[in-house]
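File shown: model_39.txt. Contents: compact mmCIF, C-alpha atoms.
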# COMPACT_ATOMS: atom_id res chain seq x y z
CA MET A 6 -59.31 17.31 -33.32
CA ASN A 7 -62.40 18.82 -31.71
CA PRO A 8 -61.42 22.22 -30.17
CA LEU A 9 -63.00 21.44 -26.80
CA LEU A 10 -61.25 18.07 -26.69
CA GLN A 11 -57.94 19.72 -27.53
CA LEU A 12 -58.45 22.29 -24.79
CA LEU A 13 -59.36 19.53 -22.35
CA ASN A 14 -56.21 17.61 -23.26
CA GLY A 15 -54.20 20.76 -22.67
CA PHE A 16 -55.84 21.32 -19.31
CA GLY A 17 -54.99 17.72 -18.44
CA THR A 18 -51.34 18.70 -18.89
CA ASN A 19 -51.85 21.65 -16.52
CA CYS A 20 -53.46 19.35 -13.96
CA LEU A 21 -50.69 16.78 -14.24
CA LEU A 22 -48.03 19.45 -13.75
CA PHE A 23 -49.98 20.84 -10.80
CA VAL A 24 -50.36 17.49 -9.02
CA LEU A 25 -46.79 16.29 -9.60
CA THR A 26 -45.38 19.62 -8.45
CA LEU A 27 -47.29 19.45 -5.17
CA VAL A 28 -46.40 15.80 -4.55
CA MET A 29 -42.68 16.53 -4.97
CA ALA A 30 -42.36 20.13 -3.75
CA ILE A 31 -44.17 19.72 -0.42
CA PRO A 32 -41.69 17.18 1.07
CA LEU A 33 -38.69 18.76 -0.68
CA GLY A 34 -39.62 22.11 0.83
CA LEU A 35 -39.55 20.56 4.30
CA LEU A 36 -36.06 19.16 3.68
CA ILE A 37 -34.89 22.59 2.52
CA THR A 38 -36.38 24.10 5.68
CA PHE A 39 -34.36 21.73 7.85
CA GLY A 40 -31.29 22.79 5.86
CA THR A 41 -31.93 26.53 6.29
CA MET A 42 -32.50 26.01 10.04
CA SER A 43 -29.54 23.68 10.49
CA LYS A 44 -26.88 24.47 13.08
CA PHE A 45 -24.28 23.29 10.56
CA LYS A 46 -23.34 26.70 9.15
CA PRO A 47 -22.10 25.64 5.66
CA LEU A 48 -25.32 23.69 4.97
CA LYS A 49 -27.43 26.51 6.39
CA TRP A 50 -25.89 29.18 4.17
CA VAL A 51 -25.93 27.00 1.06
CA MET A 52 -29.64 26.37 1.55
CA LYS A 53 -30.37 30.01 2.36
CA THR A 54 -28.50 31.12 -0.76
CA PHE A 55 -30.41 28.58 -2.84
CA VAL A 56 -33.76 29.84 -1.54
CA TRP A 57 -32.71 33.47 -2.08
CA VAL A 58 -31.72 32.79 -5.71
CA ILE A 59 -34.89 30.84 -6.52
CA ARG A 60 -37.22 33.36 -4.88
CA GLY A 61 -35.36 36.27 -6.42
CA THR A 62 -35.54 35.14 -10.04
CA PRO A 63 -38.61 34.69 -12.27
CA LEU A 64 -40.06 31.23 -12.72
CA MET A 65 -39.99 31.84 -16.48
CA LEU A 66 -36.21 32.28 -16.36
CA GLN A 67 -35.87 29.11 -14.29
CA LEU A 68 -37.84 27.19 -16.93
CA PHE A 69 -35.38 28.28 -19.62
CA VAL A 70 -32.37 27.46 -17.42
CA VAL A 71 -33.62 23.95 -16.64
CA LEU A 72 -34.41 23.32 -20.31
CA TYR A 73 -31.16 24.61 -21.80
CA ALA A 74 -28.47 24.48 -19.09
CA PRO A 75 -27.91 20.67 -19.08
CA GLY A 76 -27.18 20.68 -22.81
CA LEU A 77 -25.09 23.87 -22.85
CA LEU A 78 -23.06 23.10 -19.72
CA PHE A 79 -22.79 19.32 -19.68
CA GLY A 80 -23.62 18.25 -23.22
CA VAL A 81 -26.70 16.37 -22.02
CA PRO A 82 -29.72 18.15 -23.51
CA MET A 83 -33.07 17.98 -21.76
CA SER A 84 -35.09 16.01 -24.30
CA ASN A 85 -38.47 16.09 -22.58
CA ARG A 86 -39.96 19.56 -22.15
CA MET A 87 -42.60 18.40 -19.70
CA THR A 88 -39.84 16.99 -17.48
CA ALA A 89 -37.97 20.28 -17.70
CA ALA A 90 -41.12 22.16 -16.69
CA LEU A 91 -41.73 19.81 -13.77
CA VAL A 92 -38.16 20.16 -12.47
CA ALA A 93 -38.36 23.95 -12.63
CA PHE A 94 -41.75 24.05 -10.91
CA VAL A 95 -40.71 21.65 -8.15
CA ILE A 96 -37.54 23.62 -7.39
CA ASN A 97 -39.38 26.94 -7.43
CA TYR A 98 -42.29 25.90 -5.24
CA ALA A 99 -40.12 23.89 -2.84
CA ALA A 100 -38.18 27.09 -2.13
CA TYR A 101 -41.38 29.04 -1.46
CA PHE A 102 -42.88 26.25 0.64
CA SER A 103 -39.67 26.06 2.70
CA GLU A 104 -40.07 29.69 3.76
CA ILE A 105 -43.66 29.06 4.77
CA TYR A 106 -42.58 26.04 6.81
CA ARG A 107 -39.75 28.01 8.43
CA GLY A 108 -42.08 30.85 9.39
CA GLY A 109 -44.57 28.36 10.84
CA ILE A 110 -41.94 26.51 12.86
CA GLU A 111 -40.43 29.71 14.23
CA SER A 112 -43.89 30.91 15.28
CA ILE A 113 -44.26 28.00 17.72
CA PRO A 114 -43.44 29.24 21.26
CA VAL A 115 -40.05 28.07 22.53
CA GLY A 116 -41.72 26.96 25.74
CA GLN A 117 -43.41 24.09 23.93
CA TYR A 118 -40.06 22.72 22.79
CA GLU A 119 -38.72 23.08 26.31
CA ALA A 120 -41.76 21.30 27.75
CA GLY A 121 -41.17 18.38 25.40
CA GLN A 122 -37.54 18.18 26.49
CA VAL A 123 -38.60 18.17 30.14
CA LEU A 124 -40.84 15.20 29.36
CA GLY A 125 -37.85 13.39 27.91
CA LEU A 126 -38.92 13.56 24.27
CA THR A 127 -36.34 13.60 21.50
CA LYS A 128 -36.29 16.46 18.97
CA THR A 129 -37.99 14.20 16.42
CA GLN A 130 -40.71 13.23 18.90
CA ILE A 131 -41.24 16.87 19.86
CA PHE A 132 -41.67 17.80 16.21
CA PHE A 133 -44.17 15.08 15.36
CA LYS A 134 -46.08 14.95 18.66
CA VAL A 135 -46.07 18.59 19.75
CA VAL A 136 -45.22 20.89 16.84
CA LEU A 137 -46.58 19.24 13.69
CA PHE A 138 -50.33 19.80 14.09
CA GLN A 139 -49.85 23.37 15.28
CA LEU A 140 -47.57 23.94 12.30
CA ILE A 141 -50.17 22.59 9.87
CA LYS A 142 -52.81 24.95 11.24
CA ARG A 143 -50.52 27.98 10.99
CA ILE A 144 -49.26 27.32 7.48
CA THR A 145 -52.57 26.29 5.90
CA PRO A 146 -53.60 29.82 4.76
CA PRO A 147 -50.27 30.76 3.11
CA MET A 148 -49.92 27.28 1.62
CA GLY A 149 -53.42 27.62 0.21
CA ASN A 150 -52.43 30.86 -1.50
CA GLU A 151 -49.36 29.23 -3.04
CA VAL A 152 -51.38 26.23 -4.23
CA ILE A 153 -53.87 28.49 -5.99
CA THR A 154 -51.00 30.48 -7.51
CA LEU A 155 -49.52 27.21 -8.78
CA VAL A 156 -52.71 26.48 -10.71
CA LYS A 157 -52.26 29.69 -12.70
CA ASP A 158 -48.48 29.38 -12.96
CA THR A 159 -48.77 26.06 -14.81
CA ALA A 160 -49.71 28.17 -17.84
CA LEU A 161 -46.08 29.38 -17.91
CA ALA A 162 -45.01 25.94 -19.12
CA ARG A 163 -46.05 27.04 -22.58
CA VAL A 164 -42.94 29.28 -22.85
CA ILE A 165 -40.76 26.17 -23.27
CA GLY A 166 -43.17 24.42 -25.61
CA VAL A 167 -45.33 22.37 -23.24
CA ALA A 168 -48.75 22.01 -24.89
CA GLU A 169 -50.91 23.14 -21.99
CA ILE A 170 -54.34 24.72 -22.33
CA LEU A 171 -53.28 28.30 -23.13
CA MET A 172 -50.91 27.18 -25.86
CA ASN A 173 -53.75 25.26 -27.48
CA ALA A 174 -56.13 28.22 -27.05
CA GLN A 175 -53.58 30.58 -28.59
CA ARG A 176 -53.30 28.39 -31.66
CA PHE A 177 -57.04 28.74 -32.20
CA ALA A 178 -56.89 32.50 -31.58
CA ALA A 179 -54.14 32.85 -34.18
CA SER A 180 -56.52 31.30 -36.73
CA GLY A 181 -59.28 33.75 -35.83
CA VAL A 182 -61.23 31.72 -33.25
CA ILE A 183 -61.44 33.64 -29.96
CA TRP A 184 -63.76 31.55 -27.78
CA PRO A 185 -61.07 29.01 -26.67
CA LEU A 186 -59.35 31.81 -24.74
CA PHE A 187 -62.50 32.44 -22.72
CA THR A 188 -63.01 28.70 -22.27
CA SER A 189 -59.47 28.48 -20.87
CA ALA A 190 -60.31 31.23 -18.40
CA LEU A 191 -63.38 29.26 -17.33
CA TYR A 192 -61.29 26.13 -16.71
CA PHE A 193 -58.91 28.06 -14.48
CA LEU A 194 -61.73 29.82 -12.63
CA LEU A 195 -63.45 26.52 -11.88
CA PHE A 196 -60.20 24.88 -10.76
CA THR A 197 -59.20 27.73 -8.45
CA GLY A 198 -62.77 27.97 -7.17
CA VAL A 199 -62.81 24.31 -6.15
CA LEU A 200 -59.39 24.68 -4.49
CA SER A 201 -60.51 27.80 -2.61
CA VAL A 202 -63.52 25.93 -1.19
CA LEU A 203 -61.29 22.97 -0.28
CA MET A 204 -58.72 25.16 1.49
CA SER A 205 -61.48 26.95 3.42
CA TRP A 206 -62.84 23.57 4.52
CA ILE A 207 -59.39 22.48 5.68
CA GLU A 208 -58.93 25.71 7.64
CA LYS A 209 -62.27 25.18 9.40
CA LYS A 210 -61.31 21.59 10.21
CA MET A 211 -58.12 22.90 11.83
CA ASP A 212 -60.08 25.32 14.04
CA TYR A 213 -60.35 22.64 16.71
CA TYR A 214 -56.94 23.86 17.85
CA LYS A 215 -56.92 27.48 19.03
CA GLY A 216 -53.23 27.78 19.88
Output the file's structure in the form of structure tokens.
Amino acid sequence: MNPLLQLLNGFGTNCLLFVLTLVMAIPLGLLITFGTMSKFKPLKWVMKTFVWVIRGTPLMLQLFVVLYAPGLLFGVPMSNRMTAALVAFVINYAAYFSEIYRGGIESIPVGQYEAGQVLGLTKTQIFFKVVLFQLIKRITPPMGNEVITLVKDTALARVIGVAEILMNAQRFAASGVIWPLFTSALYFLLFTGVLSVLMSWIEKKMDYYKG
């Protein structure tokens, strides 16, 4: 196969992992946030412990656990390495996103919740009509940082045998061809550059609200 085409196919795997992780981790992170902020103590501490464990261990270790634990513990091996990578990435980033959400929610002045209650709004209505857009503005910068980090982290999928761009580049390097490594760097630089511009545009769009 043409080296550039092989690198492009590998980068397609990185992009797929990136997109699917965001699509699943963003809403899952919000659910975890509701759990960590729940008044039901057992749920709260289970979720807090989960977030602590995920944030306190390397993503690389989590990839190995997701790949091998089902087979070793339950006799049901994870047959698809891309699926294993996706599960590990979604769990990891959902935990990080949940902390960003929690920080954003807690930064909203209590008086705004109280004002919504005075107006007769339910907690759900207060969240969606009063809190949500302020929350989006406050969490956009840290979320942008995590999204850009995710782009680079997708390269870690290679440690469990997912044929992403760096794995393909390394194969060429092992045979004495060095330029695919630099081409891989260019792909990542372009991707993160486009995302940085996009996140800056979103932040400017959110500037209409100064609260």
Write out, as a Markdown table, each residue of segment 15-64 of chain A that has an atom at most 12 Å from segment 169-182 of chain A, together with the closest pair of atoms and their distance in Å to one decimal, counting only C-alpha atoms, rows going by chain and rising number.
| residue | atom | partner | partner_atom | distance |
| --- | --- | --- | --- | --- |
| A:Gly15 | CA | A:Ile170 | CA | 4.0 |
| A:Phe16 | CA | A:Ile170 | CA | 4.8 |
| A:Gly17 | CA | A:Glu169 | CA | 7.7 |
| A:Thr18 | CA | A:Glu169 | CA | 5.4 |
| A:Asn19 | CA | A:Glu169 | CA | 5.7 |
| A:Cys20 | CA | A:Glu169 | CA | 9.2 |
| A:Leu21 | CA | A:Glu169 | CA | 10.0 |
| A:Leu22 | CA | A:Glu169 | CA | 9.5 |
| A:Phe23 | CA | A:Glu169 | CA | 11.5 |
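For the pair atom CA of Trp206 of chain A and atom CA of Arg143 of chain A, the separation is 14.6 Å.
For the residues A:Asn7, A:Ala30, A:Ala100, A:Leu77, ranking by smallest atom-to-atom distance to Met52 of chain A using only C-alpha atoms places A:Ala100 first.
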Distance query segment 41-49 of chain A at most 12 Å, all atoms listed in the file, self and fewer than 4 positions along chain excluded, as number ranges by chain
A: 34-37, 53-57, 100, 103-104, 106-108, 110-111
Contact residues around Gly198 of chain A with all atoms listed in the file at 10 Å, ignoring same-chain residues under 6 positions, as a compact mmCIF listing (two decimals) with C-alpha atoms, keeping the file's coordinate frame:
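Saved file result.txt follows:
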# COMPACT_ATOMS: atom_id res chain seq x y z
CA ILE A 153 -53.87 28.49 -5.99
CA TYR A 192 -61.29 26.13 -16.71
CA MET A 204 -58.72 25.16 1.49
Would you compute the distance between atom CA of Leu72 of chain A and atom CA of Met87 of chain A? Give it in Å to one decimal.
9.6 Å
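Take the candidates A:Val58, A:Ala99, A:Leu10, A:Asp158 and check each one against Ile31 of chain A using all atoms listed in the file; the shortest distance goes to A:Ala99.
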Pick the closest to Lys134 of chain A from A:Asn85, A:Thr197, A:Ser205, A:Gln117: which is it, counting all atoms listed in the file?
A:Gln117
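For the choices A:Val135, A:Leu12, A:Ala89, A:Met65, the atom-to-atom distance to Phe193 of chain A is smallest for A:Leu12 when using all atoms listed in the file.
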Since fewer atoms than expected are present, regenerate N, CA and C atoms for segment 32-43 of chain A and write them as a compact mmCIF listing (two decimals), in the coordinates of the input.
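As written to disk, result08.txt reads:
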# COMPACT_ATOMS: atom_id res chain seq x y z
N PRO A 32 -42.74 17.77 0.22
CA PRO A 32 -41.69 17.18 1.07
C PRO A 32 -40.31 17.79 0.84
N LEU A 33 -40.00 18.15 -0.41
CA LEU A 33 -38.69 18.76 -0.68
C LEU A 33 -38.56 20.09 0.05
N GLY A 34 -39.64 20.85 0.10
CA GLY A 34 -39.62 22.11 0.83
C GLY A 34 -39.30 21.92 2.30
N LEU A 35 -39.82 20.84 2.88
CA LEU A 35 -39.55 20.56 4.30
C LEU A 35 -38.08 20.23 4.51
N LEU A 36 -37.49 19.47 3.58
CA LEU A 36 -36.06 19.16 3.68
C LEU A 36 -35.22 20.44 3.57
N ILE A 37 -35.61 21.32 2.67
CA ILE A 37 -34.89 22.59 2.52
C ILE A 37 -35.00 23.41 3.80
N THR A 38 -36.18 23.38 4.42
CA THR A 38 -36.38 24.10 5.68
C THR A 38 -35.42 23.60 6.75
N PHE A 39 -35.30 22.29 6.87
CA PHE A 39 -34.36 21.73 7.85
C PHE A 39 -32.94 22.18 7.55
N GLY A 40 -32.61 22.32 6.25
CA GLY A 40 -31.29 22.79 5.86
C GLY A 40 -31.07 24.24 6.25
N THR A 41 -32.08 25.10 5.98
CA THR A 41 -31.93 26.53 6.29
C THR A 41 -31.94 26.79 7.80
N MET A 42 -32.46 25.85 8.59
CA MET A 42 -32.50 26.01 10.04
C MET A 42 -31.44 25.17 10.74
N SER A 43 -30.58 24.54 9.93
CA SER A 43 -29.54 23.68 10.49
C SER A 43 -28.51 24.48 11.29
